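Colleague: For reference, this is coords23.csv, and it has CSV, C-alpha atoms and all ligand atoms.
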chain,number,residue,atom,x,y,z
K,1,MET,CA,-19.5,9.8,28.1
K,2,LEU,CA,-17.6,9.8,24.8
K,3,ASP,CA,-13.9,10.3,24.7
K,4,LEU,CA,-14.1,12.4,21.6
K,5,LEU,CA,-16.9,14.1,19.6
K,6,LEU,CA,-15.8,15.4,16.2
K,7,THR,CA,-18.5,17.7,14.8
K,8,GLN,CA,-19.3,19.1,11.3
K,9,VAL,CA,-17.5,16.6,9.1
K,10,ARG,CA,-18.4,15.3,5.7
K,11,LEU,CA,-18.2,11.5,5.1
K,12,GLN,CA,-18.1,9.5,1.8
K,13,ASN,CA,-21.5,8.7,0.4
K,14,ALA,CA,-23.3,10.9,3.0
K,15,SER,CA,-25.2,14.1,2.0
K,16,ALA,CA,-25.6,15.5,5.5
K,17,VAL,CA,-22.8,17.0,7.6
K,18,MET,CA,-22.2,14.6,10.4
K,19,ASP,CA,-20.9,14.3,14.0
K,20,ILE,CA,-18.9,11.3,15.0
K,21,GLY,CA,-18.1,10.1,18.5
K,22,VAL,CA,-15.5,7.8,19.9
K,23,ARG,CA,-15.4,5.7,23.1
K,24,ASN,CA,-12.6,3.4,24.0
K,25,GLY,CA,-11.1,3.6,20.5
K,26,ILE,CA,-14.4,2.6,18.9
K,27,ILE,CA,-16.8,4.7,16.8
K,28,ASP,CA,-19.8,4.9,19.2
K,29,TYR,CA,-21.9,7.8,17.8
K,30,LEU,CA,-22.8,8.9,14.3
K,31,ALA,CA,-25.5,11.4,13.6
K,32,PRO,CA,-26.3,14.5,11.4
K,33,SER,CA,-24.8,17.6,12.9
K,34,GLU,CA,-28.1,19.4,12.6
K,35,ARG,CA,-29.5,17.2,15.4
K,36,GLU,CA,-30.0,19.3,18.5
K,37,TYR,CA,-29.0,16.7,21.0
K,38,LYS,CA,-25.3,16.3,21.4
K,39,PRO,CA,-23.8,13.6,23.6
K,40,ASP,CA,-21.3,14.5,26.4
K,41,ALA,CA,-17.7,14.1,25.5
K,42,LEU,CA,-14.4,14.7,27.2
K,43,SER,CA,-13.1,16.4,24.1
K,44,ILE,CA,-15.0,18.2,21.3
K,45,GLU,CA,-13.4,19.1,18.1
K,46,ASP,CA,-14.9,21.1,15.2
K,47,GLY,CA,-14.3,19.5,11.8
K,48,MET,CA,-15.2,22.8,10.0
K,49,GLY,CA,-17.0,21.0,7.2
K,50,GLY,CA,-13.8,19.1,6.1
K,51,MET,CA,-13.9,15.5,4.8
K,52,LEU,CA,-13.3,12.7,7.2
K,53,LEU,CA,-12.0,9.5,5.7
K,54,PRO,CA,-11.2,6.2,7.4
K,55,GLY,CA,-7.4,5.9,8.0
K,56,LEU,CA,-5.6,5.5,4.8
K,57,VAL,CA,-4.1,2.1,4.0
K,58,GLU,CA,-0.6,1.8,2.4
K,59,PRO,CA,-0.8,-1.7,1.0
K,60,HIS,CA,2.7,-2.2,-0.4
K,61,VAL,CA,6.0,-0.5,0.8
K,62,HIS,CA,9.6,-1.5,1.3
K,63,LEU,CA,10.9,0.1,4.5
K,64,GLU,CA,14.4,-1.1,5.0
K,65,LYS,CA,15.6,-0.1,1.5
K,66,ALA,CA,13.9,3.3,1.5
K,67,HIS,CA,16.0,6.5,1.5
K,68,LEU,CA,19.2,5.2,-0.2
K,69,LEU,CA,19.8,8.2,-2.6
K,70,SER,CA,22.8,9.4,-0.7
K,71,GLN,CA,24.5,6.0,-1.1
K,72,MET,CA,23.8,5.7,-4.8
K,73,GLU,CA,26.6,6.6,-7.2
K,74,GLN,CA,24.4,6.4,-10.3
K,75,GLU,CA,20.8,5.8,-11.4
K,76,ALA,CA,19.6,2.3,-12.2
K,77,ALA,CA,19.1,1.7,-16.0
K,78,SER,CA,16.8,-1.4,-15.6
K,79,LEU,CA,15.0,-3.6,-13.1
K,80,GLN,CA,17.9,-6.0,-12.9
K,81,ASP,CA,20.3,-3.0,-12.4
K,82,ALA,CA,18.1,-1.8,-9.5
K,83,ILE,CA,18.1,-5.2,-7.9
K,84,ARG,CA,21.9,-5.6,-8.3
K,85,MET,CA,22.6,-2.1,-7.0
K,86,THR,CA,20.3,-2.5,-4.0
K,87,ALA,CA,21.7,-6.0,-3.2
K,88,ALA,CA,25.2,-4.5,-3.1
K,89,MET,CA,24.1,-1.8,-0.7
K,90,LYS,CA,22.3,-4.3,1.5
K,91,HIS,CA,25.7,-5.6,2.6
K,92,GLY,CA,26.2,-2.3,4.5
K,93,PHE,CA,22.8,-2.2,6.1
K,94,THR,CA,22.8,-2.2,9.9
K,95,ARG,CA,19.8,-2.7,12.2
K,96,GLU,CA,20.0,0.9,13.4
K,97,ASP,CA,20.3,2.3,9.9
K,98,MET,CA,17.3,0.2,8.7
K,99,LYS,CA,15.3,1.3,11.7
K,100,GLN,CA,16.0,5.0,11.1
K,101,ARG,CA,15.3,4.9,7.3
K,102,SER,CA,12.1,2.9,8.0
K,103,LEU,CA,10.9,5.3,10.6
K,104,ALA,CA,11.4,8.2,8.2
K,105,VAL,CA,8.9,6.5,5.9
K,106,ILE,CA,6.5,5.6,8.7
K,107,ARG,CA,6.5,9.2,10.2
K,108,GLU,CA,5.7,10.6,6.8
K,109,ALA,CA,2.9,8.1,6.2
K,110,VAL,CA,1.3,8.6,9.6
K,111,ARG,CA,1.2,12.4,9.3
K,112,SER,CA,-0.3,11.8,5.8
K,113,GLY,CA,-3.2,9.9,7.4
K,114,VAL,CA,-2.0,6.3,7.1
K,115,THR,CA,-3.2,4.1,9.9
K,116,HIS,CA,-2.4,0.7,8.3
K,117,MET,CA,0.6,-0.4,6.3
K,118,ARG,CA,1.9,-3.6,4.7
K,119,CYS,CA,5.6,-3.8,4.3
K,120,HIS,CA,7.8,-6.4,2.5
K,121,ALA,CA,10.8,-7.3,4.7
K,122,GLU,CA,13.6,-8.9,2.8
K,123,VAL,CA,14.8,-12.3,3.9
K,124,ASP,CA,17.9,-13.7,2.2
K,125,PRO,CA,21.4,-14.8,2.8
K,126,ILE,CA,22.7,-11.1,2.6
K,127,LEU,CA,20.4,-9.7,5.4
K,128,GLY,CA,19.5,-13.0,7.0
K,129,LEU,CA,16.6,-12.2,9.3
K,130,SER,CA,17.9,-8.7,10.3
K,131,ALA,CA,15.4,-6.7,8.1
K,132,PHE,CA,12.6,-8.9,9.2
K,133,GLU,CA,13.5,-8.6,12.9
K,134,SER,CA,13.9,-4.9,12.5
K,135,ALA,CA,10.4,-4.8,11.1
K,136,LEU,CA,9.0,-6.8,14.0
K,137,GLU,CA,10.6,-4.4,16.4
K,138,LEU,CA,9.1,-1.4,14.5
K,139,LYS,CA,5.7,-3.0,14.5
K,140,GLN,CA,5.7,-2.9,18.3
K,141,LEU,CA,7.3,0.6,18.5
K,142,VAL,CA,4.8,2.3,16.3
K,143,SER,CA,1.7,0.2,17.2
K,144,HIS,CA,0.0,3.2,18.9
K,145,ALA,CA,-0.1,5.0,15.6
K,146,LEU,CA,0.0,2.4,12.9
K,147,ASP,CA,-0.9,-1.3,12.4
K,148,LEU,CA,2.0,-2.8,10.4
K,149,GLN,CA,1.7,-6.1,8.5
K,150,ILE,CA,5.0,-7.8,7.6
K,151,VAL,CA,5.4,-9.8,4.4
K,152,VAL,CA,8.3,-12.2,4.4
K,153,PHE,CA,9.8,-11.3,1.1
K,154,PRO,CA,12.5,-13.2,-0.9
K,155,GLN,CA,13.7,-10.3,-3.0
K,156,GLU,CA,16.7,-12.2,-4.3
K,157,GLY,CA,14.6,-15.3,-5.2
K,158,ILE,CA,13.8,-18.4,-3.1
K,159,PHE,CA,16.0,-20.9,-4.9
K,160,LYS,CA,18.7,-18.7,-6.5
K,161,ASN,CA,20.3,-18.3,-3.1
K,162,ALA,CA,20.7,-21.4,-0.9
K,163,GLY,CA,19.2,-21.0,2.6
K,164,THR,CA,16.5,-18.5,1.7
K,165,ALA,CA,13.7,-21.1,1.9
K,166,GLU,CA,14.8,-22.0,5.5
K,167,LEU,CA,15.0,-18.3,6.4
K,168,MET,CA,11.5,-17.7,5.1
K,169,GLU,CA,10.1,-20.5,7.2
K,170,GLU,CA,11.9,-19.2,10.3
K,171,ALA,CA,10.5,-15.7,9.7
K,172,MET,CA,7.0,-17.2,9.5
K,173,ARG,CA,7.6,-19.1,12.7
K,174,LEU,CA,8.7,-15.8,14.4
K,175,GLY,CA,5.6,-14.0,13.4
K,176,GLY,CA,5.5,-13.0,9.8
K,177,ASP,CA,2.0,-11.9,8.8
K,178,VAL,CA,2.0,-12.7,5.1
K,179,VAL,CA,4.1,-15.1,2.8
K,180,GLY,CA,5.8,-13.2,0.0
K,181,GLY,CA,7.0,-14.3,-3.4
K,182,ILE,CA,8.7,-12.8,-6.5
K,183,THR,CA,8.1,-14.9,-9.6
K,184,TYR,CA,10.6,-13.1,-11.8
K,185,GLN,CA,13.6,-13.9,-9.6
K,186,ASP,CA,13.5,-17.8,-9.9
K,187,THR,CA,13.6,-19.8,-13.0
K,188,ASP,CA,11.2,-22.5,-11.9
K,189,LEU,CA,7.9,-20.7,-11.6
K,190,GLN,CA,5.9,-23.7,-10.4
K,191,ALA,CA,8.4,-24.6,-7.7
K,192,HIS,CA,8.4,-21.0,-6.5
K,193,LEU,CA,4.6,-20.9,-6.3
K,194,GLN,CA,4.4,-24.3,-4.7
K,195,PHE,CA,6.7,-23.3,-2.0
K,196,VAL,CA,4.8,-20.0,-1.3
K,197,PHE,CA,1.4,-21.6,-1.2
K,198,ASN,CA,2.7,-24.5,1.0
K,199,LEU,CA,4.2,-22.1,3.5
K,200,ALA,CA,1.0,-20.0,3.6
K,201,GLU,CA,-1.1,-23.2,4.2
K,202,LYS,CA,1.3,-24.4,6.9
K,203,TYR,CA,1.0,-21.2,8.9
K,204,GLY,CA,-2.6,-20.3,7.9
K,205,LYS,CA,-1.5,-16.9,6.4
K,206,SER,CA,-2.3,-15.0,3.3
K,207,ILE,CA,0.0,-14.4,0.3
K,208,ASP,CA,1.4,-11.4,-1.4
K,209,ILE,CA,3.5,-11.9,-4.6
K,210,HIS,CA,5.6,-9.6,-6.7
K,211,THR,CA,4.8,-10.7,-10.3
K,212,ASP,CA,4.9,-10.0,-14.0
K,213,PHE,CA,6.9,-6.8,-13.5
K,214,SER,CA,7.8,-6.1,-17.2
K,215,ASP,CA,6.4,-5.1,-20.6
K,216,ASN,CA,6.6,-8.6,-22.0
K,217,PRO,CA,3.0,-9.8,-22.6
K,218,GLU,CA,4.1,-13.4,-22.3
K,219,HIS,CA,5.0,-13.0,-18.7
K,220,LEU,CA,1.7,-14.2,-17.2
K,221,ALA,CA,2.5,-15.8,-13.9
K,222,ILE,CA,-0.7,-14.2,-12.7
K,223,VAL,CA,-2.7,-16.9,-14.5
K,224,ASP,CA,-0.8,-19.6,-12.5
K,225,ILE,CA,-1.3,-17.6,-9.3
K,226,ALA,CA,-5.1,-17.4,-10.0
K,227,GLU,CA,-5.3,-21.2,-10.7
K,228,ARG,CA,-3.4,-22.1,-7.6
K,229,THR,CA,-5.5,-19.7,-5.5
K,230,ILE,CA,-8.7,-21.3,-6.7
K,231,ALA,CA,-7.2,-24.8,-6.2
K,232,ALA,CA,-6.2,-24.0,-2.6
K,233,GLY,CA,-9.5,-22.4,-1.8
K,234,MET,CA,-7.7,-19.2,-1.0
K,235,GLU,CA,-9.9,-16.8,-2.9
K,236,GLY,CA,-9.6,-13.3,-1.3
K,237,LEU,CA,-6.4,-14.1,0.5
K,238,VAL,CA,-3.9,-13.6,-2.2
K,239,SER,CA,-2.5,-10.3,-3.5
K,240,ALA,CA,-0.2,-9.7,-6.5
K,241,GLY,CA,2.0,-6.6,-7.0
K,242,HIS,CA,3.0,-4.9,-10.3
K,243,VAL,CA,1.2,-7.2,-12.9
K,244,THR,CA,2.3,-4.8,-15.6
K,245,SER,CA,2.9,-7.4,-18.4
K,246,LEU,CA,-0.9,-7.6,-18.5
K,247,GLY,CA,-0.9,-4.0,-19.7
K,248,SER,CA,1.0,-5.0,-22.8
K,249,LEU,CA,-1.1,-8.0,-23.6
K,250,GLU,CA,-3.6,-7.8,-26.5
K,251,HIS,CA,-6.9,-6.5,-25.2
K,252,GLY,CA,-9.1,-9.6,-25.7
K,253,ARG,CA,-6.6,-11.9,-24.1
K,254,ALA,CA,-6.0,-9.5,-21.2
K,255,GLU,CA,-9.7,-9.3,-20.5
K,256,ALA,CA,-9.9,-13.1,-20.3
K,257,VAL,CA,-7.0,-13.1,-17.8
K,258,ALA,CA,-8.8,-10.3,-15.8
K,259,GLU,CA,-11.8,-12.5,-15.6
K,260,ARG,CA,-9.7,-15.3,-14.1
K,261,ILE,CA,-8.2,-12.8,-11.6
K,262,GLN,CA,-11.7,-11.8,-10.6
K,263,GLU,CA,-12.8,-15.4,-10.2
K,264,ALA,CA,-9.8,-16.1,-7.9
K,265,ASN,CA,-10.6,-12.8,-6.1
K,266,LEU,CA,-6.9,-11.7,-6.3
K,267,HIS,CA,-6.1,-8.3,-5.0
K,268,ILE,CA,-4.0,-6.5,-7.6
K,269,MET,CA,-1.6,-3.9,-6.3
K,270,SER,CA,-0.5,-1.4,-8.8
K,271,LEU,CA,2.8,0.4,-8.0
K,272,PRO,CA,2.8,3.2,-10.5
K,273,ALA,CA,5.9,5.2,-9.5
K,274,THR,CA,8.2,2.2,-9.8
K,275,ASP,CA,6.4,0.8,-12.8
K,276,LEU,CA,6.5,4.0,-14.8
K,277,PHE,CA,10.1,4.6,-13.9
K,278,ILE,CA,11.4,1.1,-14.8
K,279,ASN,CA,9.2,-0.2,-17.5
K,280,GLY,CA,9.1,1.0,-21.1
K,281,ARG,CA,12.8,1.8,-21.1
K,282,ALA,CA,13.7,-0.8,-23.8
K,283,ASP,CA,11.2,0.6,-26.2
K,284,MET,CA,13.1,2.9,-28.6
K,285,GLU,CA,9.9,4.4,-30.0
K,286,ARG,CA,6.3,4.4,-29.0
K,287,LYS,CA,7.3,3.8,-25.4
K,288,ARG,CA,4.8,1.9,-23.4
K,289,ARG,CA,3.8,3.3,-20.0
K,290,GLY,CA,4.3,-0.1,-18.4
K,291,LEU,CA,1.4,0.3,-16.0
K,292,THR,CA,-1.0,-2.3,-14.5
K,293,PRO,CA,-4.2,-2.1,-16.6
K,294,ILE,CA,-6.0,-0.6,-13.7
K,295,VAL,CA,-9.2,0.6,-15.4
K,296,MET,CA,-9.8,-2.6,-17.3
K,297,LEU,CA,-9.3,-4.7,-14.1
K,298,LEU,CA,-11.7,-2.4,-12.2
K,299,GLU,CA,-14.3,-2.9,-15.0
K,300,LYS,CA,-14.0,-6.6,-14.6
K,301,GLY,CA,-14.7,-6.3,-10.9
K,302,VAL,CA,-11.2,-6.8,-9.6
K,303,ASN,CA,-10.1,-5.2,-6.3
K,304,VAL,CA,-7.2,-3.0,-7.6
K,305,VAL,CA,-5.3,-1.0,-5.0
K,306,ILE,CA,-2.2,1.3,-5.3
K,307,GLY,CA,1.0,1.4,-3.3
K,308,VAL,CA,4.1,3.6,-3.0
K,309,ASN,CA,6.4,0.6,-3.2
K,310,ASN,CA,9.8,2.2,-3.1
K,311,VAL,CA,10.7,5.5,-1.6
K,312,ARG,CA,13.9,7.1,-2.9
K,313,ASN,CA,16.1,4.2,-3.9
K,314,PRO,CA,17.4,2.6,-7.2
K,315,PHE,CA,13.9,1.3,-8.1
K,316,THR,CA,12.3,4.7,-7.6
K,317,PRO,CA,14.5,7.7,-6.9
K,318,PHE,CA,11.4,9.7,-6.0
K,319,GLY,CA,8.6,9.2,-3.6
K,320,LYS,CA,6.8,10.3,-0.5
K,321,ALA,CA,4.9,8.0,1.7
K,322,ASP,CA,1.7,10.0,1.2
K,323,PRO,CA,-0.9,7.8,-0.6
K,324,LEU,CA,-2.4,10.9,-2.2
K,325,GLU,CA,0.8,11.3,-4.3
K,326,THR,CA,0.4,7.7,-5.6
K,327,ALA,CA,-3.3,8.3,-6.3
K,328,TRP,CA,-2.6,11.5,-8.2
K,329,LEU,CA,0.0,9.7,-10.3
K,330,VAL,CA,-2.5,7.1,-11.2
K,331,ALA,CA,-5.2,9.7,-11.9
K,332,VAL,CA,-2.8,11.3,-14.5
K,333,THR,CA,-1.3,8.2,-16.1
K,334,ALA,CA,-4.4,5.8,-16.1
K,335,TYR,CA,-6.7,8.5,-17.4
K,336,MET,CA,-8.8,8.7,-14.2
K,337,GLY,CA,-9.7,12.4,-14.3
K,338,GLY,CA,-13.4,12.6,-13.4
K,339,ASP,CA,-15.3,13.1,-10.2
K,340,SER,CA,-16.3,9.4,-10.1
K,341,GLU,CA,-12.7,8.3,-10.7
K,342,ALA,CA,-11.6,10.6,-7.8
K,343,ARG,CA,-14.0,8.7,-5.6
K,344,GLN,CA,-12.8,5.4,-7.0
K,345,LEU,CA,-9.2,6.4,-6.3
K,346,ILE,CA,-9.9,7.4,-2.7
K,347,ARG,CA,-11.8,4.1,-2.3
K,348,MET,CA,-8.7,2.3,-3.4
K,349,LEU,CA,-6.7,4.0,-0.6
K,350,THR,CA,-9.3,3.1,2.0
K,351,GLU,CA,-11.9,0.4,1.7
K,352,GLY,CA,-10.2,-1.4,-1.2
K,353,ALA,CA,-6.8,-1.6,0.4
K,354,ALA,CA,-8.4,-2.6,3.7
K,355,GLN,CA,-10.0,-5.5,2.0
K,356,ALA,CA,-6.7,-6.5,0.4
K,357,LEU,CA,-5.1,-6.5,3.8
K,358,GLY,CA,-7.9,-8.4,5.4
K,359,LEU,CA,-8.6,-5.7,7.9
K,360,LYS,CA,-11.5,-6.2,10.3
K,361,ASN,CA,-13.4,-3.4,12.1
K,362,TYR,CA,-12.4,-0.9,9.4
K,363,GLY,CA,-14.4,2.1,8.1
K,364,LEU,CA,-16.4,5.0,9.5
K,365,ARG,CA,-19.3,3.1,11.0
K,366,LEU,CA,-20.6,2.3,14.4
K,367,GLY,CA,-18.5,-0.4,16.1
K,368,ALA,CA,-15.4,0.0,13.9
K,369,GLU,CA,-12.1,1.2,15.2
K,370,ALA,CA,-11.8,5.0,15.2
K,371,ASP,CA,-8.9,5.2,12.7
K,372,MET,CA,-9.7,8.5,10.9
K,373,VAL,CA,-8.1,11.3,8.9
K,374,LEU,CA,-9.6,14.8,8.6
K,375,PHE,CA,-8.9,16.9,5.6
K,376,SER,CA,-9.4,20.6,5.3
K,377,VAL,CA,-11.4,20.3,2.0
K,378,PRO,CA,-14.9,19.0,1.5
K,379,THR,CA,-14.9,16.4,-1.3
K,380,GLU,CA,-12.8,13.4,-2.5
K,381,ARG,CA,-11.9,15.2,-5.7
K,382,ASP,CA,-10.6,18.2,-3.7
K,383,ILE,CA,-8.5,15.8,-1.6
K,384,LEU,CA,-7.1,14.2,-4.7
K,385,LEU,CA,-6.3,17.5,-6.5
K,386,ASP,CA,-5.2,19.6,-3.6
K,387,LYS,CA,-3.4,16.9,-1.6
K,388,PRO,CA,-3.9,19.3,1.3
K,389,GLU,CA,-1.0,19.3,3.8
K,390,GLN,CA,-3.4,20.2,6.6
K,391,ARG,CA,-4.6,16.9,8.1
K,392,THR,CA,-5.5,15.5,11.5
K,393,VAL,CA,-5.0,11.8,12.1
K,394,TRP,CA,-6.5,9.6,14.9
K,395,LYS,CA,-5.6,6.0,15.6
K,396,ARG,CA,-8.2,4.2,17.7
K,397,GLY,CA,-9.5,7.6,18.7
K,398,ILE,CA,-6.2,9.0,19.9
K,399,LYS,CA,-4.8,11.9,17.9
K,400,VAL,CA,-1.4,10.8,16.5
K,401,ALA,CA,-0.7,13.6,14.0
K,402,GLU,CA,-1.8,17.1,13.1
K,403,THR,CA,-0.4,19.3,10.4
K,404,GLN,CA,-1.3,23.0,10.4
K,405,VAL,CA,-0.4,25.2,7.5
K,406,ALA,CA,0.1,28.9,7.8
K,407,ILE,CA,-0.1,30.8,4.5
K,408,LEU,CA,0.7,34.4,4.0
K,409,LEU,CA,-0.4,35.9,0.7
K,410,ASN,CA,0.4,39.6,0.3
K,411,ARG,CA,-2.3,41.7,-1.4
K,412,LEU,CA,-4.0,38.7,-3.1
J,501,ZN,ZN,7.5,-4.1,-4.0
Since I need it in another form, could you write the structure as structure tokens?
Modeller:
Amino acid sequence: MLDLLLTQVRLQNASAVMDIGVRNGIIDYLAPSEREYKPDALSIEDGMGGMLLPGLVEPHVHLEKAHLLSQMEQEAASLQDAIRMTAAMKHGFTREDMKQRSLAVIREAVRSGVTHMRCHAEVDPILGLSAFESALELKQLVSHALDLQIVVFPQEGIFKNAGTAELMEEAMRLGGDVVGGITYQDTDLQAHLQFVFNLAEKYGKSIDIHTDFSDNPEHLAIVDIAERTIAAGMEGLVSAGHVTSLGSLEHGRAEAVAERIQEANLHIMSLPATDLFINGRADMERKRRGLTPIVMLLEKGVNVVIGVNNVRNPFTPFGKADPLETAWLVAVTAYMGGDSEARQLIRMLTEGAAQALGLKNYGLRLGAEADMVLFSVPTERDILLDKPEQRTVWKRGIKVAETQVAILLNRL
């Protein structure tokens, strides 16, 4: 007996309309809907021909510094400005306040279809371990709806502020999932990377580094990250966020760097809302977009994924935790307008991001965890263009969110 049979759904790369069954949180049945035999199920739901995706994966978000607009007196004019303004506000963060603002992001993500998320929790002398411990508490609190990975993130630099290295080590000891880094916040790049890679090796964890967040083509810490990844035998276990300098590098040289990124199997996380909002500002004419060179990296076989990064704070005074918003922004700004690009973008939000996060048992296949989101439209391109509000979300086979939309159009 199945717990759930979801009928009449369209899956990626499948021409037939399918039925999908769940038992004990695992996908246990998958067959074309036209088959006459239907297995018994405690609950049967009609998918009405909508597209069913595996749960969306948000690979890069900052929870404890989301939703700060009401505390901001002005807008940030540069990256350093945003870092300074946020650092000042951090002195006033309390655990309850961080929890509530984080939960607002998580609730929006879950109802958007997100079943896995990686957050960067800030660890530094201002917050100590409070943001990290708040994230650990949230991870338990929301575990029925969302798997949360916590990156131990030194936003203020590792060496610029005495005591940060020790706090990072303590956070890893307490259960940090991923070692974070931020190459543009310390002056000694090699010492920074050495510390990050050593910590990851000590705790047997993967790495996720903020890097090369500028328009300066000479900022290429990504090359050092690739070299160290290969030297450490950590191919496939290292992610890098932003990597926008590469978008300003002369094409031939950028391609050579992309090949090195591919050899190291780095996962590149483009964060378009923040990148577009912060970069390019210093250009008085012919303003650069300041984006990660997404298409070029994809062409070189690199796993490129996209994240919301910041939600409504000095770095990005916009944002919703719906990955389709991020995908739409990339579609427009990275010239990804066709049907195959729509499929590629949806793949980034699902399989690609799952790979970056090292998720096991992911995807709509027999034996995988039943993390699923049903849309009311039939194709990936429709999902990208419509960003339909109407969605149903299951985590390990349990329905965790459902949005119904009532529309009244008079005489149309
Ligand atoms: Zn970030």
Colleague: Env of K:Ala31: 7 Å cut, atoms = only C-alpha atoms, seq-sep filter 4 positions within chain, self excluded. Answer as a PDB file with C-alpha atoms, in the frame of the given file.
Modeller:
ATOM      1  CA  MET K  18     -22.200  14.600  10.400  1.00  0.00           C
ATOM      2  CA  ASP K  19     -20.900  14.300  14.000  1.00  0.00           C
ATOM      3  CA  ILE K  20     -18.900  11.300  15.000  1.00  0.00           C
TER       4      ILE K  20
END
Colleague: Can you tell me how far atom CA of K:Met72 sits from atom CA of K:Gln100, in Å to one decimal?
Modeller: 17.7 Å
Colleague: Which residue, K:Asp40, K:Glu64, K:Glu75, K:Glu255, has the smallest gap to ligand ZN 501 (chain J) when you use all atoms listed in the file?
Modeller: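 Looking at the shortest contact to ligand ZN 501 (chain J), the residue is K:Glu64.
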Colleague: Taking (3.5, -14.0, -13.9) in the file's coordinates as the center, which residues reach within 9 Å of it, counting all atoms listed in the file, put as a list in words?
Modeller: Thr183, Tyr184, Leu189, His210, Thr211, Asp212, Phe213, Glu218, His219, Leu220, Ala221, Ile222, Val223, Asp224, Ile225, Val243 and Ser245 of chain K
Colleague: Which residues are close to K:Met51, i.e. within 6 Å by all atoms listed in the file, leaving aside same-chain residues fewer than 2 positions away? Reply as a VMD selection string.
Modeller: chain K and resid 9 to 11 374 to 375 378
Colleague: Take atom CA of K:Lys139 and atom CA of K:Leu4 and report the distance between them in Å, one decimal.
Modeller: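 Atom CA of K:Leu4 lies 26.1 Å from atom CA of K:Lys139.
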Colleague: So which one's closest to K:Val393, K:Pro32, K:Gly113, K:Pro154, K:Gly25? Using all atoms listed in the file, please.
Modeller: K:Gly113
Colleague: Please identify all polymer residues lying at most 6 Å from the point (9.5, -8.0, -0.1) (file coordinates), using all atoms listed in the file, and present the result as number ranges by chain.
Modeller: K: 120-122, 153, 155
Colleague: Give the answer as one residue: which of K:Gly180, K:Pro217, K:Gly397, K:Gly358 has the shortest atom-to-atom distance to ligand ZN 501 (chain J), using all atoms listed in the file?
Modeller: K:Gly180
Colleague: Nearest residue to K:Glu341 out of K:Arg260, K:His242, K:Arg396, K:Arg381, using only C-alpha atoms?
Modeller: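 The shortest atom-to-atom distance to K:Glu341 comes from K:Arg381.
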Colleague: Using only C-alpha atoms for the distances, tell me which of K:Thr350, K:Ser102, K:Asn24, K:Gln355 is nearest to K:Leu42.
Modeller: K:Asn24
Colleague: Can you pull out every residue within 12 Å of K:Arg365, counting all atoms listed in the file, but drop anything in the same chain fewer than 6 positions away, and send it as a PyMOL selection string?
Modeller: chain K and resi 11-12+14+18-22+26-31+52-54+371-372
Colleague: For the residues in that selection, give me C-alpha atoms as a PDB file, keeping the file's coordinate frame.
Modeller:
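The result, written out as again36.pdb:
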ATOM      1  CA  LEU K  11     -18.200  11.500   5.100  1.00  0.00           C
ATOM      2  CA  GLN K  12     -18.100   9.500   1.800  1.00  0.00           C
ATOM      3  CA  ALA K  14     -23.300  10.900   3.000  1.00  0.00           C
ATOM      4  CA  MET K  18     -22.200  14.600  10.400  1.00  0.00           C
ATOM      5  CA  ASP K  19     -20.900  14.300  14.000  1.00  0.00           C
ATOM      6  CA  ILE K  20     -18.900  11.300  15.000  1.00  0.00           C
ATOM      7  CA  GLY K  21     -18.100  10.100  18.500  1.00  0.00           C
ATOM      8  CA  VAL K  22     -15.500   7.800  19.900  1.00  0.00           C
ATOM      9  CA  ILE K  26     -14.400   2.600  18.900  1.00  0.00           C
ATOM     10  CA  ILE K  27     -16.800   4.700  16.800  1.00  0.00           C
ATOM     11  CA  ASP K  28     -19.800   4.900  19.200  1.00  0.00           C
ATOM     12  CA  TYR K  29     -21.900   7.800  17.800  1.00  0.00           C
ATOM     13  CA  LEU K  30     -22.800   8.900  14.300  1.00  0.00           C
ATOM     14  CA  ALA K  31     -25.500  11.400  13.600  1.00  0.00           C
ATOM     15  CA  LEU K  52     -13.300  12.700   7.200  1.00  0.00           C
ATOM     16  CA  LEU K  53     -12.000   9.500   5.700  1.00  0.00           C
ATOM     17  CA  PRO K  54     -11.200   6.200   7.400  1.00  0.00           C
ATOM     18  CA  ASP K 371      -8.900   5.200  12.700  1.00  0.00           C
ATOM     19  CA  MET K 372      -9.700   8.500  10.900  1.00  0.00           C
TER      20      MET K 372
END
Colleague: Give me, please, the distance in Å between atom CA of K:Ala401 and atom CA of K:Leu6, quoted to one decimal.
Modeller: 15.4 Å
Colleague: Out of K:Gly47, K:Gly352, K:Pro293, K:Gly367, which residue has the shortest atom-to-atom distance to K:Val330 when counting all atoms listed in the file?
Modeller: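 So, comparing all the options, the nearest one is K:Pro293.
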Colleague: Using all atoms listed in the file, determine which residues lie at most 10 Å from stretch 203-205 of chain K, disregarding the query and same-chain residues fewer than 4 positions distant; provide the list as a PyMOL selection string.
Modeller: chain K and resi 169+172-173+175-179+197-199+234+237-238
Colleague: Can you pull out every residue within 7 Å of stretch 125-133 of chain K, counting all atoms listed in the file, but drop anything in the same chain fewer than 2 positions away, and send it as a VMD selection string?
Modeller: chain K and resid 64 90 to 91 95 121 to 123 135 to 137 161 163 to 164 167
